[in-house]
>>> print(open('input36.cif').read())   # mmCIF, C-alpha atoms
data_input
#
loop_
_atom_site.label_atom_id
_atom_site.label_comp_id
_atom_site.auth_asym_id
_atom_site.auth_seq_id
_atom_site.Cartn_x
_atom_site.Cartn_y
_atom_site.Cartn_z
CA MET A 51 -240.49 -2.09 -184.40
CA SER A 52 -237.80 0.57 -184.75
CA THR A 53 -234.15 0.01 -185.70
CA THR A 54 -230.85 1.87 -185.42
CA ALA A 55 -231.31 2.97 -189.03
CA ASP A 56 -234.67 4.44 -188.03
CA ASP A 57 -232.90 6.65 -185.49
CA ILE A 58 -230.41 7.87 -188.11
CA PHE A 59 -233.00 8.84 -190.70
CA LEU A 60 -235.42 10.23 -188.12
CA ARG A 61 -232.68 12.50 -186.82
CA ARG A 62 -232.21 13.76 -190.37
CA ALA A 63 -235.93 14.59 -190.53
CA ILE A 64 -235.61 16.45 -187.22
CA GLN A 65 -232.58 18.30 -188.59
CA LEU A 66 -234.62 19.35 -191.62
CA ALA A 67 -237.31 20.63 -189.25
CA GLY A 68 -234.67 22.81 -187.60
CA GLU A 69 -233.59 24.09 -191.01
CA ALA A 70 -237.21 24.92 -191.80
CA ARG A 71 -237.50 26.95 -188.61
CA ALA A 72 -234.25 28.78 -189.38
CA ALA A 73 -235.66 29.66 -192.81
CA GLY A 74 -238.81 31.15 -191.28
CA ALA A 75 -241.06 28.17 -192.02
CA ASP A 76 -242.90 25.88 -189.61
CA PRO A 77 -240.45 23.32 -188.13
CA PHE A 78 -241.36 20.13 -189.97
CA GLY A 79 -239.14 17.83 -192.05
CA ALA A 80 -239.48 14.49 -193.81
CA VAL A 81 -237.15 11.93 -195.40
CA LEU A 82 -238.13 9.17 -197.86
CA VAL A 83 -235.93 6.05 -197.70
CA ARG A 84 -235.76 2.71 -199.47
CA ASP A 85 -233.22 -0.02 -198.60
CA GLY A 86 -231.18 2.35 -196.48
CA VAL A 87 -230.84 5.00 -199.22
CA ILE A 88 -232.43 8.44 -199.03
CA LEU A 89 -234.58 8.93 -202.12
CA HIS A 90 -235.79 12.43 -201.32
CA GLN A 91 -236.06 14.79 -198.39
CA GLY A 92 -237.67 18.13 -197.68
CA ARG A 93 -239.13 20.56 -195.21
CA ASP A 94 -242.21 22.71 -194.78
CA ARG A 95 -242.25 25.44 -197.46
CA CYS A 96 -245.92 26.48 -197.53
CA VAL A 97 -245.37 30.20 -197.09
CA GLU A 98 -242.21 30.27 -199.20
CA VAL A 99 -243.84 28.79 -202.32
CA SER A 100 -247.37 30.16 -201.76
CA ASP A 101 -248.85 26.66 -201.43
CA PRO A 102 -250.81 25.79 -198.26
CA THR A 103 -250.48 22.06 -199.09
CA PHE A 104 -246.67 22.10 -199.30
CA HIS A 105 -246.16 20.20 -196.05
CA ALA A 106 -242.90 18.28 -195.69
CA GLU A 107 -244.38 14.79 -196.16
CA LEU A 108 -246.67 15.64 -199.06
CA SER A 109 -243.99 17.59 -200.95
CA VAL A 110 -241.42 14.81 -200.54
CA ILE A 111 -243.84 12.20 -201.90
CA SER A 112 -245.08 14.39 -204.75
CA GLU A 113 -241.64 15.63 -205.87
CA TYR A 114 -240.04 12.18 -205.77
CA CYS A 115 -242.86 10.41 -207.61
CA ARG A 116 -242.89 13.02 -210.39
CA SER A 117 -239.10 13.17 -210.79
CA ALA A 118 -238.63 9.38 -210.66
CA GLY A 119 -241.71 8.57 -212.72
CA VAL A 120 -243.15 6.20 -210.11
CA PHE A 121 -246.68 5.91 -208.75
CA ALA A 122 -246.37 3.59 -205.75
CA LEU A 123 -243.80 3.73 -202.94
CA ASP A 124 -244.13 0.21 -201.58
CA GLY A 125 -240.94 -0.79 -199.79
CA CYS A 126 -240.31 2.81 -198.72
CA THR A 127 -240.27 4.33 -195.25
CA ILE A 128 -241.10 7.97 -194.66
CA TYR A 129 -239.49 9.55 -191.60
CA CYS A 130 -241.35 12.56 -190.21
CA SER A 131 -240.26 15.01 -187.52
CA ALA A 132 -243.89 15.01 -186.35
CA GLU A 133 -246.81 12.63 -186.79
CA PRO A 134 -248.36 13.34 -190.20
CA CYS A 135 -251.45 15.54 -190.35
CA PRO A 136 -254.64 14.18 -191.99
CA MET A 137 -253.67 15.63 -195.39
CA CYS A 138 -250.19 14.08 -195.35
CA ALA A 139 -251.57 10.82 -193.96
CA GLY A 140 -253.86 10.70 -197.00
CA ALA A 141 -250.90 11.22 -199.32
CA ILE A 142 -249.00 8.41 -197.56
CA HIS A 143 -252.01 6.11 -197.96
CA TRP A 144 -252.47 6.80 -201.66
CA ALA A 145 -248.73 6.57 -202.39
CA GLN A 146 -248.66 3.12 -200.74
CA VAL A 147 -245.71 3.88 -198.49
CA SER A 148 -244.84 0.81 -196.43
CA ARG A 149 -243.75 2.38 -193.13
CA VAL A 150 -244.14 5.66 -191.26
CA VAL A 151 -241.74 6.59 -188.48
CA PHE A 152 -242.33 9.86 -186.60
CA SER A 153 -240.78 11.72 -183.71
CA ILE A 154 -243.45 13.71 -181.85
CA SER A 155 -247.14 12.82 -181.86
CA GLN A 156 -250.08 14.96 -182.90
CA ALA A 157 -251.11 15.07 -179.25
CA MET A 158 -247.71 16.52 -178.26
CA LEU A 159 -247.86 18.96 -181.14
CA GLN A 160 -251.32 20.26 -180.30
CA ALA A 161 -250.39 20.57 -176.61
CA MET A 162 -247.55 22.91 -177.64
CA SER A 163 -249.43 24.89 -180.27
CA GLY A 164 -252.75 25.15 -178.50
CA GLY A 165 -254.48 24.05 -181.70
CA ARG A 166 -257.49 21.82 -182.05
CA PRO A 167 -256.75 18.10 -181.61
CA LYS A 168 -256.10 16.20 -184.83
CA PRO A 169 -256.60 12.46 -185.27
CA PRO A 170 -253.63 10.11 -185.10
CA ALA A 171 -252.11 9.04 -188.40
CA GLU A 172 -252.40 5.24 -188.00
CA PRO A 173 -256.13 4.84 -188.80
CA LEU A 174 -255.91 7.40 -191.61
CA VAL A 175 -253.03 5.76 -193.49
CA ASN A 176 -254.73 2.38 -193.09
CA MET A 177 -258.14 3.29 -194.50
CA GLY A 178 -257.86 0.64 -197.21
CA ARG A 179 -256.90 -3.03 -197.37
CA ARG A 180 -253.13 -2.45 -197.36
CA ARG A 181 -251.50 -2.20 -193.97
CA ILE A 182 -248.92 0.52 -193.36
CA ALA A 183 -246.74 0.22 -190.26
CA VAL A 184 -246.80 3.37 -188.12
CA ILE A 185 -244.04 3.70 -185.54
CA GLY A 186 -243.75 6.53 -183.04
CA PRO A 187 -243.26 8.62 -181.13
CA LEU A 188 -239.48 8.06 -181.26
CA LEU A 189 -236.66 10.43 -180.21
CA ALA A 190 -239.42 12.66 -178.85
CA GLU A 191 -237.08 14.79 -176.74
CA GLU A 192 -235.01 15.63 -179.82
CA GLY A 193 -238.14 16.31 -181.85
CA LEU A 194 -239.56 18.58 -179.17
CA ALA A 195 -236.28 20.49 -178.85
CA VAL A 196 -236.82 21.96 -182.33
CA PHE A 197 -239.92 23.74 -181.00
CA GLU A 198 -238.29 25.28 -177.91
CA GLY A 199 -239.16 28.98 -177.88
CA TYR A 200 -241.08 28.69 -181.15
CA THR A 201 -243.94 31.15 -181.58
CA TRP A 202 -246.91 29.84 -183.54
CA THR A 203 -248.19 32.44 -185.98
CA SER A 204 -250.69 32.36 -188.82
CA LYS A 205 -249.28 31.14 -192.13
CA VAL A 206 -251.75 33.41 -193.90
CA GLU A 207 -250.38 36.46 -192.08
CA ARG A 208 -246.77 35.41 -192.70
CA HIS A 209 -247.49 34.91 -196.39
CA ARG A 210 -249.15 38.31 -196.60
CA ALA A 211 -246.11 39.93 -194.95
CA ASN A 212 -243.63 38.06 -197.16
CA THR A 213 -245.36 38.91 -200.42
CA ALA A 214 -246.25 42.52 -199.72
CA PRO A 215 -244.14 44.92 -201.77
CA THR A 216 -241.43 46.60 -199.72
CA PRO A 217 -240.72 50.13 -200.87
CA PRO A 218 -237.08 51.15 -200.79
CA PRO A 219 -236.13 53.41 -197.88
CA ASP A 220 -236.40 57.10 -198.68
CA GLU A 221 -232.77 57.64 -197.80
CA LYS A 222 -231.47 55.00 -200.23
CA PRO A 223 -230.50 56.65 -203.53
CA ASP A 224 -230.24 54.85 -206.84
CA ALA A 225 -227.14 52.76 -207.40
CA LEU A 226 -225.35 55.19 -209.72
CA SER A 227 -225.88 58.18 -207.44
CA ALA A 228 -224.69 56.25 -204.40
CA ALA A 229 -221.58 55.03 -206.23
CA GLN A 230 -220.74 58.52 -207.47
CA ALA A 231 -221.12 59.90 -203.94
CA LEU A 232 -218.86 57.17 -202.56
CA VAL A 233 -216.12 58.01 -205.06
CA GLU A 234 -216.33 61.71 -204.17
CA GLY A 235 -216.50 61.05 -200.44
CA ARG A 236 -213.97 58.23 -199.99
CA PHE A 237 -211.64 58.49 -203.00
CA PRO A 238 -211.48 62.12 -204.14
CA GLU A 239 -207.90 61.55 -205.37
CA CYS A 240 -208.58 58.42 -207.44
CA ARG A 241 -207.68 58.37 -211.13
CA ALA A 242 -210.39 55.97 -212.29
CA ALA A 243 -213.50 54.28 -210.92
CA PHE A 244 -215.99 51.73 -212.25
CA LEU A 245 -219.41 50.58 -211.06
CA ALA A 246 -220.05 46.96 -212.08
CA GLY A 247 -222.19 43.97 -211.25
CA SER A 248 -225.89 43.22 -211.44
CA VAL A 249 -226.98 46.86 -210.98
CA ILE A 250 -225.24 47.70 -214.26
CA ARG A 251 -226.39 44.58 -216.13
CA GLY A 252 -230.02 45.28 -215.22
CA GLU A 253 -230.20 42.10 -213.13
CA ALA A 254 -230.32 43.64 -209.65
CA THR A 255 -232.24 41.90 -206.87
CA VAL A 256 -233.15 43.03 -203.37
CA THR A 257 -229.81 41.69 -202.10
CA SER A 258 -227.62 43.14 -204.85
CA ASP A 259 -224.60 45.16 -203.82
CA LEU A 260 -222.46 47.77 -205.56
CA ASP A 261 -219.31 46.21 -207.04
CA MET A 262 -216.79 49.01 -207.52
CA VAL A 263 -213.26 49.09 -208.90
CA ILE A 264 -211.16 52.05 -207.79
CA LEU A 265 -207.76 52.93 -209.29
CA THR A 266 -205.70 55.09 -206.99
CA THR A 267 -202.12 55.96 -206.06
CA THR A 268 -202.59 55.24 -202.36
CA PRO A 269 -199.84 52.96 -201.01
CA GLU A 270 -202.42 50.65 -199.37
CA ALA A 271 -203.58 49.35 -202.78
CA PRO A 272 -204.35 46.68 -203.73
CA TYR A 273 -207.00 45.73 -201.20
CA ARG A 274 -210.63 44.65 -200.98
CA GLU A 275 -213.14 46.17 -198.58
CA SER A 276 -216.82 45.57 -197.77
CA LEU A 277 -218.95 48.35 -196.32
CA LEU A 278 -222.42 49.90 -196.15
CA TRP A 279 -222.93 53.20 -197.92
CA GLN A 280 -226.18 55.18 -198.07
CA GLY A 281 -228.22 52.01 -197.56
CA TRP A 282 -226.25 49.97 -200.12
CA PRO A 283 -223.87 47.06 -199.39
CA VAL A 284 -220.66 47.80 -201.29
CA GLU A 285 -217.71 45.63 -202.39
CA LEU A 286 -214.65 47.76 -203.13
CA PHE A 287 -211.73 46.49 -205.21
CA VAL A 288 -209.02 49.11 -204.82
CA HIS A 289 -205.98 48.94 -207.12
CA SER A 290 -203.05 50.82 -208.47
CA GLU A 291 -202.44 50.95 -212.22
CA GLU A 292 -199.74 48.29 -211.79
CA SER A 293 -201.78 45.98 -209.57
CA VAL A 294 -204.91 46.01 -211.74
CA ARG A 295 -202.88 44.76 -214.70
CA ARG A 296 -201.18 42.17 -212.51
CA PHE A 297 -204.57 40.93 -211.32
CA PHE A 298 -205.78 40.84 -214.92
CA ALA A 299 -202.90 38.49 -215.73
CA GLY A 300 -203.61 36.33 -212.69
CA ASP A 301 -207.31 36.08 -213.53
CA ALA A 302 -206.43 35.12 -217.11
CA GLU A 303 -204.04 32.43 -215.92
CA ARG A 304 -206.69 30.82 -213.71
CA ARG A 305 -209.31 31.31 -216.46
CA ARG A 306 -211.73 33.17 -214.18
CA PRO A 307 -211.71 36.81 -215.29
CA SER A 308 -213.50 38.42 -212.36
CA LEU A 309 -211.69 41.75 -212.37
CA PRO A 310 -211.45 42.11 -216.19
CA MET A 311 -215.20 41.40 -216.39
CA MET A 312 -215.98 44.19 -213.92
CA CYS A 313 -213.83 46.68 -215.80
CA ALA A 314 -215.02 45.60 -219.26
CA GLU A 315 -218.73 45.71 -218.39
CA GLY A 316 -218.60 48.41 -215.74
CA ARG A 317 -219.85 51.96 -215.94
CA ILE A 318 -217.01 54.48 -215.76
CA LEU A 319 -217.54 56.83 -212.83
CA ARG A 320 -214.26 58.71 -213.15
CA ASP A 321 -211.62 58.93 -215.83
CA ARG A 322 -209.25 61.66 -214.71
CA ASP A 323 -206.44 61.14 -217.23
CA GLY A 324 -207.83 58.57 -219.66
CA LEU A 325 -206.75 55.63 -217.48
CA ALA A 326 -210.28 54.24 -217.08
CA GLY A 327 -210.77 54.14 -220.83
CA ARG A 328 -207.45 52.37 -221.35
CA ILE A 329 -208.12 49.81 -218.62
CA LYS A 330 -211.60 49.16 -219.99
CA ALA A 331 -210.19 48.59 -223.49
CA GLU A 332 -207.51 46.23 -222.13
CA ALA A 333 -210.12 44.27 -220.19
CA GLN A 334 -212.36 43.95 -223.24
CA ALA A 335 -209.42 42.80 -225.39
CA LEU A 336 -208.44 40.21 -222.77
CA LEU A 337 -211.97 38.82 -222.63
CA GLU A 338 -212.29 38.68 -226.40
CA ALA A 339 -208.96 36.83 -226.71
CA GLY A 340 -210.21 34.05 -224.45
CA PRO A 341 -208.28 32.02 -221.88
CA PRO A 342 -204.94 30.34 -222.58
CA PRO A 343 -205.17 26.72 -223.79
CA LEU A 344 -204.79 23.94 -221.26
CA THR A 345 -201.27 22.57 -220.95
CA PRO A 346 -200.72 18.78 -221.10
CA PRO A 347 -200.07 18.60 -217.32
CA GLU A 348 -203.25 20.57 -216.66
CA ILE A 349 -205.24 18.23 -218.88
CA GLU A 350 -203.88 15.17 -217.09
CA ARG A 351 -204.61 16.68 -213.67
CA ARG A 352 -208.17 17.51 -214.66
CA ARG A 353 -208.77 14.09 -216.21
CA TYR A 354 -207.53 12.42 -213.03
CA ALA A 355 -209.54 14.71 -210.73
CA ILE A 356 -212.78 14.17 -212.66
CA THR A 357 -212.20 10.41 -212.86
CA ASP A 358 -211.68 10.34 -209.09
CA LEU A 359 -214.90 12.27 -208.48
CA ILE A 360 -216.85 10.01 -210.87
CA ASP A 361 -215.64 6.96 -208.93
CA ASP A 362 -216.54 8.61 -205.62
CA LEU A 363 -220.02 9.51 -206.85
CA ALA A 364 -220.73 6.12 -208.43
CA GLY A 365 -219.65 4.31 -205.28
CA SER A 366 -221.23 6.63 -202.72
CA ALA A 367 -223.67 4.96 -200.33
CA ASP A 368 -223.96 8.02 -198.09
CA HIS A 369 -226.51 10.59 -199.26
CA ALA A 370 -224.80 13.39 -197.33
CA GLU A 371 -221.50 12.66 -199.08
CA THR A 372 -223.27 12.42 -202.44
CA LEU A 373 -224.67 15.92 -201.97
CA PHE A 374 -221.13 17.27 -201.74
CA ILE A 375 -219.49 15.08 -204.39
CA ALA A 376 -222.07 15.93 -207.07
CA PRO A 377 -221.50 19.73 -207.21
CA ALA A 378 -217.73 19.21 -207.08
CA LEU A 379 -217.95 16.93 -210.12
CA ALA A 380 -220.32 19.30 -211.91
CA ASP A 381 -217.96 22.22 -211.35
CA GLU A 382 -214.89 20.30 -212.54
CA ALA A 383 -216.67 18.93 -215.63
CA ALA A 384 -218.13 22.31 -216.58
CA ASP A 385 -214.76 23.96 -216.06
CA LEU A 386 -213.10 21.42 -218.37
CA LEU A 387 -215.81 21.76 -221.01
CA LEU A 388 -215.37 25.52 -221.06
CA ALA A 389 -211.56 25.33 -221.09
CA VAL A 390 -211.27 22.91 -224.01
CA ASN A 391 -213.63 25.13 -226.00
CA GLY A 392 -211.63 28.26 -225.33
CA ARG A 393 -214.21 29.81 -222.99
CA TRP A 394 -213.77 31.60 -219.72
CA ALA A 395 -214.82 29.69 -216.61
CA GLY A 396 -216.73 30.87 -213.58
CA GLN A 397 -217.00 30.09 -209.91
CA GLY A 398 -220.11 29.55 -207.78
CA LYS A 399 -223.09 31.19 -209.48
CA TRP A 400 -220.83 32.22 -212.37
CA THR A 401 -220.28 28.62 -213.48
CA PRO A 402 -223.83 28.10 -214.82
CA ARG A 403 -223.76 31.61 -216.29
CA ALA A 404 -220.51 30.92 -218.14
CA LEU A 405 -221.81 27.56 -219.35
CA ARG A 406 -225.07 29.08 -220.56
CA ARG A 407 -223.21 31.75 -222.52
CA PHE A 408 -221.25 28.97 -224.23
CA ASP A 409 -224.05 26.46 -224.85
CA PRO A 410 -227.54 26.80 -223.29
CA ALA A 411 -228.32 23.15 -224.05
CA GLN A 412 -225.28 21.99 -222.08
CA ALA A 413 -226.24 24.28 -219.20
CA ASP A 414 -229.74 22.77 -219.14
CA ARG A 415 -228.30 19.26 -219.31
CA LEU A 416 -226.02 19.87 -216.33
CA GLN A 417 -228.80 21.45 -214.29
CA THR A 418 -231.11 18.50 -214.99
CA ALA A 419 -228.35 16.05 -214.06
CA LEU A 420 -227.68 17.78 -210.74
CA LEU A 421 -231.38 17.90 -209.89
CA ALA A 422 -231.61 14.16 -210.54
CA VAL A 423 -228.87 13.55 -207.96
CA TYR A 424 -230.45 15.84 -205.38
CA ARG A 425 -233.99 14.55 -205.83
CA THR A 426 -233.51 10.87 -206.51
CA GLY A 427 -229.89 10.09 -205.61
CA ARG A 428 -229.26 8.81 -209.16
CA PRO A 429 -225.89 9.99 -210.53
CA ASP A 430 -226.06 8.47 -214.05
CA ASP A 431 -226.85 11.69 -215.94
CA LEU A 432 -224.18 13.68 -214.11
CA ILE A 433 -221.58 10.98 -214.76
CA ALA A 434 -222.57 10.94 -218.43
CA PHE A 435 -222.10 14.73 -218.59
CA ALA A 436 -218.64 14.42 -217.04
CA ASP A 437 -217.67 11.60 -219.40
CA ALA A 438 -218.74 13.71 -222.37
CA ALA A 439 -216.49 16.53 -221.20
CA LEU A 440 -213.61 14.07 -220.71
CA ALA A 441 -214.05 12.61 -224.18
CA ALA A 442 -212.54 15.73 -225.73
CA VAL A 443 -209.25 15.21 -223.87
CA GLY A 444 -208.88 11.42 -223.92
CA GLY A 445 -211.46 10.17 -221.42
CA ARG A 446 -210.98 9.00 -217.86
CA LEU A 447 -207.50 8.70 -216.37
CA PHE A 448 -206.36 6.70 -213.37
CA ALA A 449 -203.73 4.06 -214.09
CA GLY A 450 -200.51 5.72 -215.15
CA TYR A 451 -201.21 9.13 -213.67
CA ARG A 452 -198.22 10.55 -211.85
CA LEU A 453 -197.71 13.92 -210.21
CA SER A 454 -194.10 14.83 -209.61
CA GLY A 455 -192.73 17.35 -207.15
CA SER A 456 -193.68 18.37 -203.64
CA ARG A 457 -196.98 17.51 -201.99
CA SER A 458 -199.71 19.55 -203.70
CA GLU A 459 -203.12 20.71 -202.57
CA ASP A 460 -204.65 17.96 -204.70
CA ASP A 461 -202.59 15.32 -202.86
CA ALA A 462 -203.49 16.77 -199.50
CA SER A 463 -207.21 16.77 -200.26
CA ASN A 464 -207.36 13.28 -201.74
CA GLN A 465 -207.99 11.19 -198.67
CA GLY A 466 -210.06 8.38 -200.14
#
>>> encode(input="input36.cif", output="structure tokens")
Amino acid sequence: MSTTADDIFLRRAIQLAGEARAAGADPFGAVLVRDGVILHQGRDRCVEVSDPTFHAELSVISEYCRSAGVFALDGCTIYCSAEPCPMCAGAIHWAQVSRVVFSISQAMLQAMSGGRPKPPAEPLVNMGRRRIAVIGPLLAEEGLAVFEGYTWTSKVERHRANTAPTPPPDEKPDALSAAQALVEGRFPECRAAFLAGSVIRGEATVTSDLDMVILTTTPEAPYRESLLWQGWPVELFVHSEESVRRFFAGDAERRRPSLPMMCAEGRILRDRDGLAGRIKAEAQALLEAGPPPLTPPEIERRRYAITDLIDDLAGSADHAETLFIAPALADEAADLLLAVNGRWAGQGKWTPRALRRFDPAQADRLQTALLAVYRTGRPDDLIAFADAALAAVGGRLFAGYRLSGSRSEDDASNQG
């Protein structure tokens, strides 16, 4: 017998199937639930991870059991966007899942794909003495909609195409040559130019772009521009001598030295009158000096914000909300830890990089804590990390906190 909750979680499995299709995988998703709480969820990733057994159901069971240290999933329901195949049915049987709820049946699936008929899941999951309830098809129209216009292709062929080396186009020059040509072609009058980013650090990937800082006298500066140049995506940061120093000061004040980092680490492409050398030296000196210390009001605001996020995370009964609260708390806690230790902070991918430069063990601890939330829904390790960061500035703060003045962004965003 199905319930309203079954519809909710089954729709999430169908949504994951859609995400799998969008990512180039086969459109299958699964969600593992106990007592109305999502324990783990996933999608087909066979081609992506080079594992032909990495079906949605099997991967969800395997990943959750290993991360949670459990062997049996009695009391759990697994929601599947399609009726489990024989392999996944075997995994469900051996994991002792209590219920299976699926959207479209194997018969529907094979009718669409033209594949050979596969047996239904019910007799396979119930090969032993334990009885597993199998419910479906449910929400079949929604499940079938994910497959509209889908072209079935061989996973082996897709894997071969995805893993084959892709030579760079003949017309795409190396990063330094392209950057030099851009300076000559677009900014022949500029006084200074830098090439920065992953291509300079030796960390370039297939999606890396050219981060370039240009110092010019053009009245349009400062501005930022994105463009394609000789096969390279390029991010331009165009400044005057006055604006680059003003942005340095602004970056220092917010403790995220994006522009100083580019100039300090960047390769000088042009230095017409010594300006590039001076700016590079100023950027390096700024980075070495470290960020300004937190002011008492800043400390109180951060303590309150982190306390609020801890309470939200500890009390969250909605897995979707938890997935958004957790990274917000991780970012705030990491930012505080870096600030109180006189270290520059980051944003997005730069947060774990900044934390690892400060203390690799703390970076590993935060990563493990976040993974525990994502995989198992358990926030204890992440809350402990945040509390440890708070301990250096007096711990949690709620009662007695007061923010004077006009309505701030923090007030506007705090809606319970």
>>> residues_around(input="input36.cif", residues="range 182-197 of chain A", least_positions_apart="5", cutoff="10 Å", atoms="all atoms listed in the file", output="ChimeraX atom specification")
/A:51-52,56-57,60-61,63-71,76-78,124,127-133,142-143,146-156,158-159,162-163,171-177,202
>>> closest_residue(input="input36.cif", among="A:Glu291, A:Arg181, A:Tyr354, A:Arg320", to="Ala231 in chain A", atoms="only C-alpha atoms")
A:Arg320
>>> resolve_selection(input="input36.cif", expression="the PyMOL selection byres ((chain A and resi 242-255) around 7)", output="PyMOL selection string")
chain A and resi 225+229+240-241+256-258+260-265+312-313+315-322+325-326
>>> write_last_selection(input="input36.cif", atoms="C-alpha atoms", output="short mmCIF file (atom, residue, chain, number, x, y, z; two decimals), in the frame of the given file")
data_model
loop_
_atom_site.label_atom_id
_atom_site.label_comp_id
_atom_site.auth_asym_id
_atom_site.auth_seq_id
_atom_site.Cartn_x
_atom_site.Cartn_y
_atom_site.Cartn_z
CA ALA A 225 -227.14 52.76 -207.40
CA ALA A 229 -221.58 55.03 -206.23
CA CYS A 240 -208.58 58.42 -207.44
CA ARG A 241 -207.68 58.37 -211.13
CA VAL A 256 -233.15 43.03 -203.37
CA THR A 257 -229.81 41.69 -202.10
CA SER A 258 -227.62 43.14 -204.85
CA LEU A 260 -222.46 47.77 -205.56
CA ASP A 261 -219.31 46.21 -207.04
CA MET A 262 -216.79 49.01 -207.52
CA VAL A 263 -213.26 49.09 -208.90
CA ILE A 264 -211.16 52.05 -207.79
CA LEU A 265 -207.76 52.93 -209.29
CA MET A 312 -215.98 44.19 -213.92
CA CYS A 313 -213.83 46.68 -215.80
CA GLU A 315 -218.73 45.71 -218.39
CA GLY A 316 -218.60 48.41 -215.74
CA ARG A 317 -219.85 51.96 -215.94
CA ILE A 318 -217.01 54.48 -215.76
CA LEU A 319 -217.54 56.83 -212.83
CA ARG A 320 -214.26 58.71 -213.15
CA ASP A 321 -211.62 58.93 -215.83
CA ARG A 322 -209.25 61.66 -214.71
CA LEU A 325 -206.75 55.63 -217.48
CA ALA A 326 -210.28 54.24 -217.08
#
>>> atom_distance(input="input36.cif", atom1="CA of Ala331 in chain A", atom2="CA of Arg296 in chain A")
15.6 Å
>>> resolve_selection(input="input36.cif", expression="the PyMOL selection byres ((chain A and resi 344-346) around 10)", output="list in words")
Arg305, Pro341, Pro342, Pro343, Pro347, Glu348, Ile349, Glu350, Arg351, Arg352, Leu386, Ala389, Val390, Gly392 and Val443 of chain A
>>> residues_around(input="input36.cif", residues="Met137 in chain A", least_positions_apart="5", cutoff="12 Å", atoms="all atoms listed in the file", output="mmCIF file with C-alpha atoms, in the coordinates of the input")
data_model
loop_
_atom_site.group_PDB
_atom_site.id
_atom_site.type_symbol
_atom_site.label_atom_id
_atom_site.label_comp_id
_atom_site.auth_asym_id
_atom_site.auth_seq_id
_atom_site.Cartn_x
_atom_site.Cartn_y
_atom_site.Cartn_z
ATOM 1 C CA PRO A 102 -250.810 25.790 -198.260
ATOM 2 C CA THR A 103 -250.480 22.060 -199.090
ATOM 3 C CA PHE A 104 -246.670 22.100 -199.300
ATOM 4 C CA HIS A 105 -246.160 20.200 -196.050
ATOM 5 C CA ALA A 106 -242.900 18.280 -195.690
ATOM 6 C CA GLU A 107 -244.380 14.790 -196.160
ATOM 7 C CA LEU A 108 -246.670 15.640 -199.060
ATOM 8 C CA SER A 109 -243.990 17.590 -200.950
ATOM 9 C CA ILE A 142 -249.000 8.410 -197.560
ATOM 10 C CA HIS A 143 -252.010 6.110 -197.960
ATOM 11 C CA TRP A 144 -252.470 6.800 -201.660
ATOM 12 C CA LYS A 168 -256.100 16.200 -184.830
ATOM 13 C CA PRO A 169 -256.600 12.460 -185.270
ATOM 14 C CA PRO A 170 -253.630 10.110 -185.100
ATOM 15 C CA ALA A 171 -252.110 9.040 -188.400
ATOM 16 C CA LEU A 174 -255.910 7.400 -191.610
ATOM 17 C CA VAL A 175 -253.030 5.760 -193.490
#
>>> atom_distance(input="input36.cif", atom1="CA of Asp361 in chain A", atom2="CA of Ala442 in chain A")
19.2 Å
>>> closest_residue(input="input36.cif", among="A:Ala75, A:Ile111, A:Leu309, A:Ala299", to="Arg274 in chain A", atoms="all atoms listed in the file")
A:Leu309
>>> closest_residue(input="input36.cif", among="A:Glu332, A:Glu239, A:Asp430, A:Asp259", to="Ala314 in chain A", atoms="all atoms listed in the file")
A:Glu332
>>> closest_residue(input="input36.cif", among="A:Leu232, A:Arg93, A:Ala439, A:Tyr273", to="Gln412 in chain A", atoms="all atoms listed in the file")
A:Ala439
>>> closest_residue(input="input36.cif", among="A:Ala364, A:Ala411, A:Val288, A:Ala378", to="Gln397 in chain A", atoms="only C-alpha atoms")
A:Ala378
>>> residues_around(input="input36.cif", residues="Gly86 in chain A", least_positions_apart="2", cutoff="9 Å", atoms="only C-alpha atoms", output="ChimeraX atom specification")
/A:55,59,83-84,88,367
>>> closest_residue(input="input36.cif", among="A:Asp385, A:Glu371, A:Asp437, A:Glu98", to="Arg306 in chain A", atoms="only C-alpha atoms")
A:Asp385
>>> atom_distance(input="input36.cif", atom1="CA of Thr54 in chain A", atom2="CA of Asp85 in chain A")
13.5 Å
>>> resolve_selection(input="input36.cif", expression="the PyMOL selection byres ((chain A and resi 408) around 12)", output="NGL selection string")
:A and (384-385 or 387-396 or 401-407 or 409-414)
>>> axis_aligned_box(input="input36.cif", around="range 113-117 of chain A", padding_each_side="4 Å", output="JSON")
{"center_x": -241.0, "center_y": 13.0, "center_z": -208.3, "size_x": 11.8, "size_y": 13.2, "size_z": 13.0}
>>> decode(input="input36.cif", residues="range 142-157 of chain A", atoms="C-alpha atoms", output="CSV table (one decimal), in the first residue's frame")
chain,number,residue,atom,x,y,z
A,142,ILE,CA,18.0,-5.1,-2.1
A,143,HIS,CA,17.5,-8.7,-1.0
A,144,TRP,CA,20.9,-9.0,0.6
A,145,ALA,CA,20.7,-5.6,2.3
A,146,GLN,CA,17.4,-6.6,3.9
A,147,VAL,CA,15.5,-3.5,2.8
A,148,SER,CA,12.0,-3.6,4.0
A,149,ARG,CA,10.1,-1.9,1.1
A,150,VAL,CA,10.6,-1.1,-2.6
A,151,VAL,CA,8.5,1.5,-4.3
A,152,PHE,CA,9.1,2.1,-8.0
A,153,SER,CA,7.6,4.3,-10.7
A,154,ILE,CA,7.8,2.5,-14.1
A,155,SER,CA,7.9,-1.3,-14.4
A,156,GLN,CA,10.5,-3.4,-16.2
A,157,ALA,CA,7.9,-4.2,-18.8
